[in-house]
>>> print(open('entry_39.txt').read())   # compact mmCIF, C-alpha atoms
# COMPACT_ATOMS: atom_id res chain seq x y z
CA ILE A 1 75.55 -13.36 42.33
CA SER A 2 75.48 -17.09 41.72
CA ASN A 3 72.45 -17.55 43.98
CA ALA A 4 70.61 -14.69 42.27
CA PHE A 5 71.40 -16.08 38.82
CA GLY A 6 70.18 -19.52 39.90
CA VAL A 7 66.88 -18.12 41.13
CA LEU A 8 66.47 -16.17 37.89
CA LEU A 9 67.30 -19.20 35.74
CA PHE A 10 64.85 -21.50 37.48
CA ALA A 11 62.19 -18.78 37.48
CA ILE A 12 62.58 -18.48 33.71
CA VAL A 13 62.15 -22.25 33.29
CA VAL A 14 59.06 -22.41 35.52
CA ALA A 15 57.56 -19.29 33.94
CA PHE A 16 58.16 -20.57 30.42
CA PHE A 17 56.58 -23.98 30.91
CA GLY A 18 53.80 -22.49 33.04
CA TRP A 19 52.98 -20.03 30.28
CA LEU A 20 53.20 -22.79 27.68
CA PHE A 21 50.66 -25.01 29.43
CA LEU A 22 48.28 -22.30 30.65
CA THR A 23 47.98 -20.18 27.53
CA GLY A 24 48.12 -22.71 24.73
CA ASP A 25 44.98 -24.21 23.22
CA TRP A 26 46.43 -27.70 22.94
CA THR A 27 44.79 -30.91 21.92
CA THR A 28 45.04 -33.89 24.25
CA VAL A 29 47.84 -35.40 22.14
CA GLU A 30 49.77 -32.11 22.01
CA ARG A 31 49.49 -31.61 25.76
CA GLY A 32 50.74 -35.14 26.38
CA ARG A 33 53.71 -34.55 24.11
CA LEU A 34 54.52 -31.31 25.94
CA TRP A 35 54.58 -33.23 29.22
CA ALA A 36 56.97 -35.72 27.61
CA ILE A 37 59.22 -32.78 26.66
CA VAL A 38 59.19 -31.59 30.29
CA VAL A 39 60.34 -35.02 31.51
CA LEU A 40 63.12 -35.19 28.91
CA PHE A 41 64.07 -31.59 29.73
CA LEU A 42 64.61 -32.51 33.38
CA ALA A 43 66.55 -35.65 32.43
CA ALA A 44 68.83 -33.64 30.13
CA SER A 45 69.44 -31.06 32.88
CA PHE A 46 70.68 -33.78 35.23
CA PHE A 47 72.82 -35.26 32.48
CA TRP A 48 74.56 -31.99 31.60
CA ALA A 49 75.06 -31.16 35.28
CA ALA A 50 77.22 -34.28 35.53
CA TYR A 51 78.78 -34.24 32.06
CA GLU A 52 79.97 -30.63 32.30
CA GLN A 53 82.06 -31.47 35.35
CA ALA A 54 84.73 -32.12 32.71
CA GLY A 55 85.65 -28.45 32.78
CA SER A 56 85.48 -28.02 36.54
CA SER A 57 85.82 -30.78 39.15
CA LEU A 58 87.36 -33.32 36.77
CA ASN A 59 89.81 -30.75 35.45
CA LEU A 60 90.81 -29.85 39.01
CA PHE A 61 91.36 -33.55 39.66
CA ALA A 62 93.51 -33.73 36.53
CA GLU A 63 95.59 -30.79 37.69
CA ARG A 64 96.02 -31.72 41.35
CA SER A 65 95.76 -35.48 41.60
CA THR A 66 96.73 -36.99 38.22
CA ASP A 67 100.18 -38.04 37.04
CA ARG A 68 100.62 -36.00 33.86
CA ALA A 69 104.22 -36.96 33.06
CA MET A 70 104.84 -38.27 29.56
CA PRO A 71 108.03 -39.33 27.78
CA VAL A 72 109.53 -36.56 25.65
CA VAL A 73 106.63 -34.19 26.42
CA GLY A 74 107.24 -34.13 30.16
CA GLN A 75 104.55 -32.69 32.43
CA PHE A 76 101.69 -31.79 30.12
CA PRO A 77 98.97 -29.25 31.07
CA ALA A 78 95.83 -30.52 32.76
CA GLY A 79 93.80 -28.71 30.13
CA TRP A 80 94.88 -31.28 27.56
CA PHE A 81 92.36 -33.65 29.08
CA GLN A 82 89.64 -31.36 27.72
CA GLN A 83 90.41 -32.69 24.26
CA VAL A 84 89.69 -36.28 25.28
CA PRO A 85 85.86 -36.11 25.21
CA ALA A 86 85.96 -34.47 21.77
CA LEU A 87 88.25 -37.24 20.51
CA PHE A 88 85.92 -39.90 21.90
CA VAL A 89 82.95 -38.18 20.21
CA ILE A 90 84.74 -38.40 16.86
CA LEU A 91 85.57 -42.07 17.44
CA GLN A 92 82.20 -43.14 18.82
CA ALA A 93 79.85 -41.17 16.56
CA PRO A 94 80.26 -43.48 13.52
CA VAL A 95 79.86 -46.53 15.74
CA PHE A 96 76.58 -45.32 17.24
CA ALA A 97 75.31 -44.11 13.86
CA TRP A 98 75.93 -47.62 12.49
CA LEU A 99 74.40 -49.24 15.59
CA TRP A 100 71.12 -47.31 15.49
CA VAL A 101 70.73 -47.95 11.76
CA ARG A 102 71.62 -51.61 12.24
CA LEU A 103 69.02 -52.01 14.99
CA GLY A 104 66.37 -50.18 12.97
CA LYS A 105 63.00 -50.51 14.66
CA ARG A 106 64.61 -52.58 17.42
CA GLN A 107 66.68 -49.64 18.67
CA PRO A 108 65.76 -48.17 22.09
CA SER A 109 63.13 -45.43 22.17
CA SER A 110 64.21 -41.84 22.81
CA PRO A 111 63.31 -41.96 26.55
CA ALA A 112 65.25 -45.23 26.88
CA LYS A 113 68.28 -43.59 25.24
CA PHE A 114 68.01 -40.72 27.72
CA SER A 115 67.98 -43.26 30.52
CA LEU A 116 71.09 -44.96 29.14
CA GLY A 117 72.82 -41.58 28.87
CA LEU A 118 72.20 -40.82 32.54
CA VAL A 119 73.35 -44.27 33.66
CA PHE A 120 76.58 -44.08 31.67
CA VAL A 121 77.47 -40.59 32.89
CA GLY A 122 76.83 -41.86 36.41
CA LEU A 123 79.07 -44.88 35.84
CA GLY A 124 81.82 -42.49 34.83
CA PHE A 125 81.63 -40.94 38.28
CA VAL A 126 81.63 -44.40 39.86
CA VAL A 127 85.06 -44.79 38.27
CA MET A 128 86.08 -41.43 39.74
CA ILE A 129 85.20 -42.65 43.23
CA GLY A 130 88.01 -45.19 42.87
CA ALA A 131 90.36 -42.50 41.55
CA ALA A 132 89.50 -40.20 44.46
CA VAL A 133 90.11 -42.96 47.02
CA ALA A 134 93.44 -43.86 45.39
CA SER A 135 94.59 -40.22 45.53
CA ARG A 136 93.63 -39.62 49.16
CA SER A 137 97.17 -39.91 50.49
CA GLY A 138 98.43 -37.38 47.99
CA ILE A 139 99.60 -39.95 45.44
CA LEU A 140 99.21 -38.90 41.81
CA VAL A 141 97.01 -41.46 40.11
CA SER A 142 97.14 -42.78 36.56
CA PRO A 143 95.42 -40.74 33.83
CA VAL A 144 93.64 -43.95 32.85
CA TRP A 145 91.02 -43.17 35.50
CA LEU A 146 90.04 -39.99 33.69
CA LEU A 147 90.25 -41.62 30.26
CA VAL A 148 87.82 -44.37 31.29
CA THR A 149 85.51 -41.78 32.87
CA TYR A 150 85.46 -39.63 29.74
CA PHE A 151 84.87 -42.70 27.57
CA LEU A 152 81.79 -43.64 29.61
CA HIS A 153 80.58 -40.03 29.61
CA VAL A 154 80.76 -39.85 25.83
CA VAL A 155 78.90 -43.16 25.51
CA GLY A 156 76.18 -41.45 27.53
CA GLU A 157 76.39 -38.36 25.35
CA MET A 158 75.98 -40.45 22.21
CA CYS A 159 72.78 -41.90 23.67
CA LEU A 160 71.26 -38.59 24.77
CA SER A 161 72.62 -35.55 23.00
CA PRO A 162 72.08 -36.41 19.30
CA VAL A 163 68.47 -37.50 19.87
CA GLY A 164 67.47 -34.70 22.25
CA LEU A 165 66.79 -31.86 19.83
CA SER A 166 65.45 -34.28 17.23
CA THR A 167 62.93 -35.68 19.72
CA VAL A 168 61.81 -32.23 20.86
CA THR A 169 61.34 -31.17 17.23
CA LYS A 170 59.11 -34.19 16.60
CA LEU A 171 57.12 -33.76 19.82
CA ALA A 172 56.58 -30.00 19.74
CA PRO A 173 53.25 -28.77 18.30
CA ALA A 174 53.87 -27.38 14.82
CA ARG A 175 53.07 -23.78 15.77
CA VAL A 176 55.75 -23.68 18.51
CA THR A 177 58.39 -25.98 17.03
CA GLY A 178 60.97 -23.20 16.64
CA LEU A 179 60.29 -21.91 20.13
CA MET A 180 60.69 -25.37 21.67
CA MET A 181 63.94 -25.96 19.80
CA GLY A 182 65.33 -22.82 21.41
CA ALA A 183 63.85 -23.66 24.81
CA TRP A 184 65.51 -27.08 24.66
CA PHE A 185 68.87 -25.40 25.22
CA LEU A 186 67.58 -24.14 28.55
CA ALA A 187 68.25 -27.70 29.74
CA SER A 188 71.94 -27.19 28.97
CA ALA A 189 71.88 -23.88 30.84
CA VAL A 190 70.26 -25.44 33.89
CA GLY A 191 72.68 -28.38 33.76
CA ASN A 192 75.73 -26.14 33.47
CA TYR A 193 74.55 -24.05 36.41
CA LEU A 194 73.96 -27.12 38.57
CA GLY A 195 77.31 -28.55 37.49
CA GLY A 196 79.08 -25.35 38.47
CA ARG A 197 77.44 -25.28 41.88
CA THR A 198 78.34 -28.93 42.43
CA ALA A 199 81.98 -28.28 41.53
CA GLY A 200 81.98 -25.51 44.14
CA TYR A 201 82.08 -28.23 46.80
CA TYR A 202 85.40 -29.57 45.50
CA GLU A 203 87.36 -27.96 48.33
CA THR A 204 84.91 -28.66 51.15
CA VAL A 205 83.49 -32.14 50.52
CA PRO A 206 85.64 -35.31 50.39
CA LEU A 207 86.05 -36.24 46.74
CA PRO A 208 84.78 -39.84 47.09
CA LEU A 209 81.59 -38.42 48.62
CA LEU A 210 81.26 -35.66 46.00
CA PHE A 211 81.78 -38.00 43.05
CA GLY A 212 79.62 -40.64 44.72
CA ALA A 213 76.75 -38.20 45.13
CA VAL A 214 76.88 -37.22 41.46
CA ALA A 215 77.01 -40.89 40.45
CA ALA A 216 74.12 -41.87 42.73
CA ILE A 217 71.85 -39.04 41.59
CA THR A 218 72.41 -39.51 37.86
CA ILE A 219 72.09 -43.29 37.98
CA ALA A 220 68.96 -43.02 40.14
CA VAL A 221 67.37 -40.54 37.73
CA GLY A 222 68.30 -42.83 34.83
CA VAL A 223 66.71 -45.86 36.52
CA VAL A 224 63.53 -43.93 37.37
CA LEU A 225 63.34 -42.70 33.78
CA ALA A 226 63.75 -46.27 32.53
CA LEU A 227 60.81 -47.35 34.69
CA LEU A 228 58.73 -44.50 33.27
CA VAL A 229 59.55 -45.27 29.64
CA PRO A 230 56.17 -46.95 28.88
CA SER A 231 54.27 -44.01 30.37
CA ILE A 232 56.41 -41.45 28.54
CA ARG A 233 55.95 -43.28 25.26
CA ARG A 234 52.17 -43.10 25.73
CA LEU A 235 52.51 -39.35 26.27
CA MET A 236 54.62 -39.11 23.11
CA GLY A 237 51.66 -40.31 21.08
CA GLY A 238 53.45 -42.53 18.59
CA VAL A 239 56.69 -40.54 18.29
CA HIS A 240 59.63 -42.95 18.72
>>> encode(input="entry_39.txt", output="structure tokens")
Amino acid sequence: ISNAFGVLLFAIVVAFFGWLFLTGDWTTVERGRLWAIVVLFLAASFFWAAYEQAGSSLNLFAERSTDRAMPVVGQFPAGWFQQVPALFVILQAPVFAWLWVRLGKRQPSSPAKFSLGLVFVGLGFVVMIGAAVASRSGILVSPVWLLVTYFLHVVGEMCLSPVGLSTVTKLAPARVTGLMMGAWFLASAVGNYLGGRTAGYYETVPLPLLFGAVAAITIAVGVVLALLVPSIRRLMGGVH
């Protein structure tokens, strides 16, 4: 069922963008902006594939390999860790809102923010490599590992998520703006699917290798995207 759903999901993505490019009577600027959306779409898919491990592989690590004993409370449920990213979002959102306003025109472009988001989510999994190595002998590790990971992940989310839909809205040709806003969430669907399939290797692949692979892929995609920022900005045709 999972394989069939994956084929269907990716077929929908390919069919949608294929239809968009082949049937639309786009100007040169509009076509360039659509290609920029495709690049950002792929970047967001990789980001969410890593970020959404919070509810799967990272939650399994919290349950099986993390010391969850607290004074008074005792052994708290692993699911409590799911509240941590939301808390960090609340704490970090005002900081990033102030930072972007403070930087003004000097703030990174949207593709650069996407690149930063991928690098930070990858760095979170670099931290988890250390946690996985420390827990190899069956020792329950400190929850600080997960807290640092979630902090880095939310830094990445603050760079990518708030600007994603806004950027697509600005880039999309006026006659398909609503359609592209809806299609943007396909990136989340693709990312969640890839994240679920990745978490399926939790039992069969050594955790340092699994977390290391996720870290390497997301950081590599972020670095490649950073190198492509000038080209993507040309495709964006003046949209920041």
>>> residues_around(input="entry_39.txt", residues="A:Val127", least_positions_apart="6", cutoff="8 Å", atoms="all atoms listed in the file", output="VMD selection string")
chain A and resid 145 148 to 149
>>> write_last_selection(input="entry_39.txt", atoms="C-alpha atoms", output="PDB file, keeping the file's coordinate frame")
ATOM      1  CA  TRP A 145      91.020 -43.170  35.500  1.00  0.00           C
ATOM      2  CA  VAL A 148      87.820 -44.370  31.290  1.00  0.00           C
ATOM      3  CA  THR A 149      85.510 -41.780  32.870  1.00  0.00           C
TER       4      THR A 149
END
>>> closest_residue(input="entry_39.txt", among="A:Val89, A:Val72, A:Gly156, A:Ala183", to="A:Ala15", atoms="only C-alpha atoms")
A:Ala183
>>> closest_residue(input="entry_39.txt", among="A:Met128, A:Ala226, A:Ile232, A:Ala50", to="A:Glu157", atoms="all atoms listed in the file")
A:Ala50
>>> closest_residue(input="entry_39.txt", among="A:Met236, A:Met158, A:Val133, A:Leu171", to="A:Pro206", atoms="only C-alpha atoms")
A:Val133
>>> closest_residue(input="entry_39.txt", among="A:Tyr150, A:Phe211, A:Phe10, A:Trp184", to="A:Val84", atoms="only C-alpha atoms")
A:Tyr150
>>> atom_distance(input="entry_39.txt", atom1="atom CA of A:Ala44", atom2="atom CA of A:Val144")
27.0 Å
>>> atom_distance(input="entry_39.txt", atom1="atom CA of A:Tyr193", atom2="atom CA of A:Ala49")
7.2 Å
>>> closest_residue(input="entry_39.txt", among="A:Ala189, A:Phe47, A:Leu116, A:Gly124", to="A:Phe5", atoms="all atoms listed in the file")
A:Ala189
>>> closest_residue(input="entry_39.txt", among="A:Gly212, A:Gly222, A:Gly238, A:Pro162", to="A:Val126", atoms="all atoms listed in the file")
A:Gly212
>>> residues_near_point(input="entry_39.txt", point="(100.9, -36.3, 41.2)", cutoff="9 Å", atoms="only C-alpha atoms", output="JSON list (two decimals) with C-alpha atoms, in the frame of the given file")
[["chain", "number", "residue", "atom", "x", "y", "z"],
["A", 63, "GLU", "CA", 95.59, -30.79, 37.69],
["A", 64, "ARG", "CA", 96.02, -31.72, 41.35],
["A", 65, "SER", "CA", 95.76, -35.48, 41.60],
["A", 66, "THR", "CA", 96.73, -36.99, 38.22],
["A", 67, "ASP", "CA", 100.18, -38.04, 37.04],
["A", 68, "ARG", "CA", 100.62, -36.00, 33.86],
["A", 69, "ALA", "CA", 104.22, -36.96, 33.06],
["A", 135, "SER", "CA", 94.59, -40.22, 45.53],
["A", 138, "GLY", "CA", 98.43, -37.38, 47.99],
["A", 139, "ILE", "CA", 99.60, -39.95, 45.44],
["A", 140, "LEU", "CA", 99.21, -38.90, 41.81],
["A", 141, "VAL", "CA", 97.01, -41.46, 40.11],
["A", 142, "SER", "CA", 97.14, -42.78, 36.56]]
>>> atom_distance(input="entry_39.txt", atom1="atom CA of A:Ser2", atom2="atom CA of A:Gly196")
9.6 Å
>>> residues_near_point(input="entry_39.txt", point="(69.3, -41.8, 34.7)", cutoff="8 Å", atoms="only C-alpha atoms", output="PyMOL selection string")
chain A and resi 43+47+114-119+122+217-226
>>> residues_around(input="entry_39.txt", residues="A:Pro173", least_positions_apart="6", cutoff="9 Å", atoms="all atoms listed in the file", output="short mmCIF file (atom, residue, chain, number, x, y, z; two decimals) with C-alpha atoms, in the frame of the given file")
data_model
loop_
_atom_site.label_atom_id
_atom_site.label_comp_id
_atom_site.auth_asym_id
_atom_site.auth_seq_id
_atom_site.Cartn_x
_atom_site.Cartn_y
_atom_site.Cartn_z
CA TRP A 26 46.43 -27.70 22.94
CA GLU A 30 49.77 -32.11 22.01
CA ARG A 31 49.49 -31.61 25.76
CA ARG A 33 53.71 -34.55 24.11
CA LEU A 34 54.52 -31.31 25.94
CA MET A 180 60.69 -25.37 21.67
#
>>> residues_around(input="entry_39.txt", residues="A:Leu60", least_positions_apart="3", cutoff="12 Å", atoms="only C-alpha atoms", output="ChimeraX atom specification")
/A:53-57,63-66,77-79,81-82,132,146,199-203,207
